[in-house]
Amino acid sequence: MTGVDRRFRSLVVAHAVSAYGTYLNLIALSLFSYEVTGSALGVGAVMAVRLLSGVTAGLAAGAVTARLTRRTLMVVTDLAQTLAMVVLALWASRTPLWVLLGAVVVLGAGNTFFNVALRSAVPVMVGQDDRARANGVLVTARSVATVLGFASAAPVISLGGFGVAFGVNAASFAVSAAAVLVLRPRTDTDRDTDRDGDTGGDAVSYPGAAEVGGEGSSPGRGGRLRRRVAGLAGPLLGLIALRGLDALASASHNVALPLAAHAAEPSDPAVFMARFWAAWAVGTLLAHQVLKRRSHGTSWGERAFAVGTCAMSLCFVAAFTGPPAPALIAAAVAAGFADGWTEIVYTSRLQAAPDRQRGRLFGLSATAEQSGFALGTIAAAAALEALPALAVVGVFHGAAACGALVLLLLTVRRRDARSAEDRSDRSSTGGADRSSAAGEDRSSTGGDKGEDTHGTSTGASRLPGP
């Protein structure tokens with residue numbers, strides 16, 4: 001694990017501190033929004049503004065990362081979020097609605113920009129060979145931060161109020177910005193010279209881009225290259241689409257979990273939720289421990305992600321069937337394992353793209369995830385008014401599982417088509433070689449006859465010996 005060095009781990013710790021403040025703030029900000037707006041509709045509107053700003057930032061992230069260095073973008077977004085939370089902390093008792101909306105716009109866009117910059121910079125910081133392990137470290141840190149943030153939100157708010165909660169979040173963003181400034185990680189390559197050395201597992205497709213129209217290229221070779229590029233775009237778009245569908249399904253269990261907690265333990269639903277998310281975090285830790293020991297982890301792609309998505313959906317649905325406590329913990333651990341698996345595999349697969357494409361890919365991914373989660377939150381909340389939690393979670397996660405199966409089928413068909421194309425190319429090459437050899441034999445025979453008849457020097461040069 002040479003690439004995942006101490007500097008990167010220090011950066012991950014700082015990012016985990018920032019993530020802790022973010023998840024603590026999710027609960028604090030939702031409660032604070034209710035105080036400011038005075039209605040559940042107002043809370044939903046504030047959350048919608050935050051999600052919409054994240055979706056818009058995802059669309060613009062590719063262009064922004066192409067103009068700024070990723071390190072600069074990370075620092076700027078952290079500082080902007082720090083300022084937004086300081087404003088809310090100072091005005092906590094008398095915050096006007098427009099200030100709250102401005103803060104959530106900064107938070108939504110800043111979170112998206114930072115995550116796109118960080119995830120696309122991982123191969124530069126640790127190298128392509130260690131990107132899967134680095135992603136596992138990031139997922140583990142964020143999972144722990146999620147549990148701690150959710151668990152500490154209630155005592156922090158009850159003891160210090162919203163001002164203290166917002167101040168803690170502001171300090172967490174400041175820690176992250178300071179770490180990036182002090183550690184100064186290398187986040188960008190020389191984009192003028194970025195070639196196949198940065199493509200990771202997909203180097204077979206990318207180097208040919210420089211050969212199209214070159215001296216050694218041919219129409220047949222260019223056609224094969226275009227087919228390979230199209231084949232590369234299809235799986236990536238399929239992965240991103242499935243990721244968005246997965247986010248939509250995840251929104252259902254996030255919305256339905258409080259209802260399940262009240263039904264299972266009416267006297268203390270918070271204990272139910274804390275136990276569930278703690279078991280989920282343990283599962284993500286196990287996923288990182290397993291994946292980092294697999295030497296071929298960087299080559300995993302669509303099939304591993306689709307299988308993990310199916311497993312995750314089945315585990316979350318099982319958790320809502322009302323199992324006894326030990327079975328519920330086992331289902332939560334398994335769901336966390338599958339969640340961590342899919343996150344690491346998915347991120348590592350997108351990071352295998354050339355450096356110049358990663359920003360746009362992760363920006364598109366952020367847009368798909370934010371849009372899916374927003375749509376899923378609204379749809380699941382509406383469905384829960386008429387249907388039980390198990391039915392809603394089953395339908396949403398069933399859709400994600402079906403999407404994963406479709407991606408699996410497309411992956412198998414594409415693999416079979418590629419194998420048939422490779423066999424066709426090899427047979428064509430073998431036929432051309434045999435024709436060339438036969439032609440050479442015929443020309444050699446004709447040359448000998450010409451030498452015997454005309455006494456040319458061509459045949460003499462092929463005589464054995466001096």
# chains A, B, ... in the order shown; residues from 1 in each chain; ligands from 1

call {"tool": "residues_around", "arguments": {"residues": "range 338-341 of chain A", "least_positions_apart": "5", "cutoff": "8 Å", "atoms": "only C-alpha atoms", "output": "list in words"}}
result
Gly136, Val139, Thr140, Gly283, Thr284, Leu285, Ala287, His288, Leu291, Phe305, Gly308, Thr309, Ala311 and Met312 of chain A

call {"tool": "residues_around", "arguments": {"residues": "Ala178 in chain A", "least_positions_apart": "6", "cutoff": "10 Å", "atoms": "only C-alpha atoms", "output": "CSV table (one decimal) with all heavy atoms, in the first residue's frame"}}
result
chain,number,residue,atom,x,y,z
A,11,LEU,N,-5.0,13.7,5.1
A,11,LEU,CA,-6.1,14.4,4.4
A,11,LEU,C,-7.4,13.7,4.6
A,11,LEU,O,-8.5,14.4,4.7
A,11,LEU,CB,-5.7,14.4,2.9
A,11,LEU,CG,-6.7,15.2,2.0
A,11,LEU,CD1,-6.6,16.7,2.4
A,11,LEU,CD2,-6.3,15.0,0.5
A,14,ALA,N,-8.9,14.7,8.0
A,14,ALA,CA,-9.5,16.0,7.9
A,14,ALA,C,-10.8,16.0,7.2
A,14,ALA,O,-11.8,16.6,7.6
A,14,ALA,CB,-8.5,17.0,7.2
A,75,VAL,N,-10.2,23.9,-1.5
A,75,VAL,CA,-10.0,24.9,-0.5
A,75,VAL,C,-11.0,26.0,-0.5
A,75,VAL,O,-11.6,26.4,0.5
A,75,VAL,CB,-8.6,25.6,-0.6
A,75,VAL,CG1,-8.4,26.8,0.3
A,75,VAL,CG2,-7.5,24.6,-0.3
A,78,ASP,N,-14.4,24.7,0.8
A,78,ASP,CA,-14.4,24.5,2.2
A,78,ASP,C,-14.5,25.9,2.9
A,78,ASP,O,-15.3,26.0,3.9
A,78,ASP,CB,-13.1,23.8,2.7
A,78,ASP,CG,-13.3,22.3,2.7
A,78,ASP,OD1,-14.4,21.8,2.9
A,78,ASP,OD2,-12.3,21.6,2.7
A,79,LEU,N,-13.8,26.9,2.4
A,79,LEU,CA,-13.8,28.2,3.0
A,79,LEU,C,-15.2,28.8,2.8
A,79,LEU,O,-15.7,29.5,3.7
A,79,LEU,CB,-12.7,29.1,2.5
A,79,LEU,CG,-11.3,28.7,2.8
A,79,LEU,CD1,-10.3,29.6,2.1
A,79,LEU,CD2,-11.1,28.7,4.3
A,172,SER,N,-15.4,22.3,11.4
A,172,SER,CA,-15.0,21.1,10.7
A,172,SER,C,-14.6,21.4,9.2
A,172,SER,O,-13.6,20.9,8.7
A,172,SER,CB,-16.2,20.1,10.6
A,172,SER,OG,-17.3,20.6,9.8
A,184,ARG,N,-0.8,20.2,1.1
A,184,ARG,CA,-0.6,20.5,-0.3
A,184,ARG,C,-0.5,19.2,-1.2
A,184,ARG,O,0.6,19.0,-1.8
A,184,ARG,CB,0.7,21.4,-0.5
A,184,ARG,CG,0.6,22.7,0.1
A,184,ARG,CD,1.8,23.6,-0.2
A,184,ARG,NE,1.9,23.8,-1.7
A,184,ARG,CZ,1.3,24.7,-2.4
A,184,ARG,NH1,0.4,25.5,-1.8
A,184,ARG,NH2,1.4,24.8,-3.7

call {"tool": "atom_distance", "arguments": {"atom1": "CA of Gln357 in chain A", "atom2": "CA of Ser53 in chain A"}}
result
22.4 Å

call {"tool": "closest_residue", "arguments": {"among": "A:Gly160, A:Gly376, A:Gly336, A:Gly322", "to": "Gly244 in chain A", "atoms": "only C-alpha atoms"}}
result
A:Gly376

call {"tool": "residues_around", "arguments": {"residues": "Ala368 in chain A", "least_positions_apart": "4", "cutoff": "10 Å", "atoms": "only C-alpha atoms", "output": "PDB file with N, CA, C and O atoms, in the first residue's frame"}}
result
ATOM      1  N   VAL A  55     -27.318  19.546  -7.622  1.00  0.00           N
ATOM      2  CA  VAL A  55     -27.496  19.053  -8.981  1.00  0.00           C
ATOM      3  C   VAL A  55     -26.886  20.019  -9.988  1.00  0.00           C
ATOM      4  O   VAL A  55     -26.170  19.630 -10.924  1.00  0.00           O
ATOM      5  N   GLY A  58     -23.168  19.845  -9.955  1.00  0.00           N
ATOM      6  CA  GLY A  58     -22.672  18.662 -10.641  1.00  0.00           C
ATOM      7  C   GLY A  58     -22.577  18.866 -12.137  1.00  0.00           C
ATOM      8  O   GLY A  58     -21.635  18.396 -12.783  1.00  0.00           O
ATOM      9  N   LEU A  59     -23.551  19.582 -12.713  1.00  0.00           N
ATOM     10  CA  LEU A  59     -23.504  19.860 -14.149  1.00  0.00           C
ATOM     11  C   LEU A  59     -22.330  20.766 -14.507  1.00  0.00           C
ATOM     12  O   LEU A  59     -21.773  20.661 -15.596  1.00  0.00           O
ATOM     13  N   ILE A 240     -23.340   5.099 -14.266  1.00  0.00           N
ATOM     14  CA  ILE A 240     -23.829   6.344 -13.670  1.00  0.00           C
ATOM     15  C   ILE A 240     -25.352   6.313 -13.545  1.00  0.00           C
ATOM     16  O   ILE A 240     -25.915   6.755 -12.536  1.00  0.00           O
ATOM     17  N   ALA A 241     -26.030   5.778 -14.566  1.00  0.00           N
ATOM     18  CA  ALA A 241     -27.492   5.678 -14.499  1.00  0.00           C
ATOM     19  C   ALA A 241     -27.918   4.766 -13.347  1.00  0.00           C
ATOM     20  O   ALA A 241     -28.857   5.081 -12.597  1.00  0.00           O
ATOM     21  N   LEU A 242     -27.228   3.627 -13.192  1.00  0.00           N
ATOM     22  CA  LEU A 242     -27.557   2.729 -12.092  1.00  0.00           C
ATOM     23  C   LEU A 242     -27.243   3.373 -10.749  1.00  0.00           C
ATOM     24  O   LEU A 242     -27.959   3.158  -9.764  1.00  0.00           O
ATOM     25  N   ARG A 243     -26.207   4.183 -10.695  1.00  0.00           N
ATOM     26  CA  ARG A 243     -25.880   4.895  -9.460  1.00  0.00           C
ATOM     27  C   ARG A 243     -27.006   5.862  -9.078  1.00  0.00           C
ATOM     28  O   ARG A 243     -27.362   5.990  -7.905  1.00  0.00           O
ATOM     29  N   GLY A 244     -27.555   6.557 -10.073  1.00  0.00           N
ATOM     30  CA  GLY A 244     -28.682   7.429  -9.796  1.00  0.00           C
ATOM     31  C   GLY A 244     -29.901   6.657  -9.323  1.00  0.00           C
ATOM     32  O   GLY A 244     -30.610   7.085  -8.400  1.00  0.00           O
ATOM     33  N   LEU A 245     -30.164   5.496  -9.930  1.00  0.00           N
ATOM     34  CA  LEU A 245     -31.273   4.653  -9.499  1.00  0.00           C
ATOM     35  C   LEU A 245     -31.033   4.108  -8.094  1.00  0.00           C
ATOM     36  O   LEU A 245     -31.972   3.988  -7.284  1.00  0.00           O
ATOM     37  N   ASP A 246     -29.787   3.806  -7.785  1.00  0.00           N
ATOM     38  CA  ASP A 246     -29.430   3.355  -6.446  1.00  0.00           C
ATOM     39  C   ASP A 246     -29.680   4.459  -5.425  1.00  0.00           C
ATOM     40  O   ASP A 246     -30.168   4.204  -4.315  1.00  0.00           O
ATOM     41  N   ALA A 247     -29.348   5.723  -5.770  1.00  0.00           N
ATOM     42  CA  ALA A 247     -29.618   6.841  -4.871  1.00  0.00           C
ATOM     43  C   ALA A 247     -31.114   7.020  -4.642  1.00  0.00           C
ATOM     44  O   ALA A 247     -31.560   7.318  -3.530  1.00  0.00           O
ATOM     45  N   LEU A 248     -31.901   6.838  -5.707  1.00  0.00           N
ATOM     46  CA  LEU A 248     -33.359   6.915  -5.565  1.00  0.00           C
ATOM     47  C   LEU A 248     -33.861   5.851  -4.595  1.00  0.00           C
ATOM     48  O   LEU A 248     -34.714   6.110  -3.736  1.00  0.00           O
ATOM     49  N   PHE A 362     -17.342  12.553 -12.823  1.00  0.00           N
ATOM     50  CA  PHE A 362     -17.800  12.658 -11.447  1.00  0.00           C
ATOM     51  C   PHE A 362     -18.829  13.776 -11.278  1.00  0.00           C
ATOM     52  O   PHE A 362     -19.690  13.698 -10.395  1.00  0.00           O
ATOM     53  N   GLY A 363     -18.745  14.820 -12.102  1.00  0.00           N
ATOM     54  CA  GLY A 363     -19.791  15.831 -12.079  1.00  0.00           C
ATOM     55  C   GLY A 363     -21.125  15.263 -12.530  1.00  0.00           C
ATOM     56  O   GLY A 363     -22.170  15.509 -11.913  1.00  0.00           O
ATOM     57  N   LEU A 364     -21.095  14.480 -13.617  1.00  0.00           N
ATOM     58  CA  LEU A 364     -22.309  13.825 -14.084  1.00  0.00           C
ATOM     59  C   LEU A 364     -22.826  12.839 -13.052  1.00  0.00           C
ATOM     60  O   LEU A 364     -24.046  12.716 -12.820  1.00  0.00           O
ATOM     61  N   GLY A 372     -31.434  11.616  -8.201  1.00  0.00           N
ATOM     62  CA  GLY A 372     -32.099  10.396  -7.767  1.00  0.00           C
ATOM     63  C   GLY A 372     -32.530  10.454  -6.318  1.00  0.00           C
ATOM     64  O   GLY A 372     -33.642  10.042  -5.970  1.00  0.00           O
ATOM     65  N   PHE A 373     -31.668  10.983  -5.458  1.00  0.00           N
ATOM     66  CA  PHE A 373     -32.009  11.054  -4.039  1.00  0.00           C
ATOM     67  C   PHE A 373     -33.151  12.039  -3.798  1.00  0.00           C
ATOM     68  O   PHE A 373     -34.048  11.776  -2.987  1.00  0.00           O
ATOM     69  N   ALA A 374     -33.108  13.183  -4.499  1.00  0.00           N
ATOM     70  CA  ALA A 374     -34.188  14.161  -4.334  1.00  0.00           C
ATOM     71  C   ALA A 374     -35.522  13.590  -4.789  1.00  0.00           C
ATOM     72  O   ALA A 374     -36.538  13.684  -4.081  1.00  0.00           O
TER      73      ALA A 374
END

call {"tool": "closest_atom_pairs", "arguments": {"of": "range 109-190 of chain A", "to": "range 262-281 of chain A", "cutoff": "7 Å", "atoms": "only C-alpha atoms", "output": "JSON lines"}}
result
{"residue": "A:Ser143", "atom": "CA", "partner": "A:Ala281", "partner_atom": "CA", "distance": 5.4}
{"residue": "A:Val144", "atom": "CA", "partner": "A:Ala281", "partner_atom": "CA", "distance": 6.3}
{"residue": "A:Val147", "atom": "CA", "partner": "A:Ala278", "partner_atom": "CA", "distance": 6.2}
{"residue": "A:Ala151", "atom": "CA", "partner": "A:Ala274", "partner_atom": "CA", "distance": 6.6}

call {"tool": "atom_distance", "arguments": {"atom1": "CA of Ala332 in chain A", "atom2": "CA of Leu148 in chain A"}}
result
16.7 Å
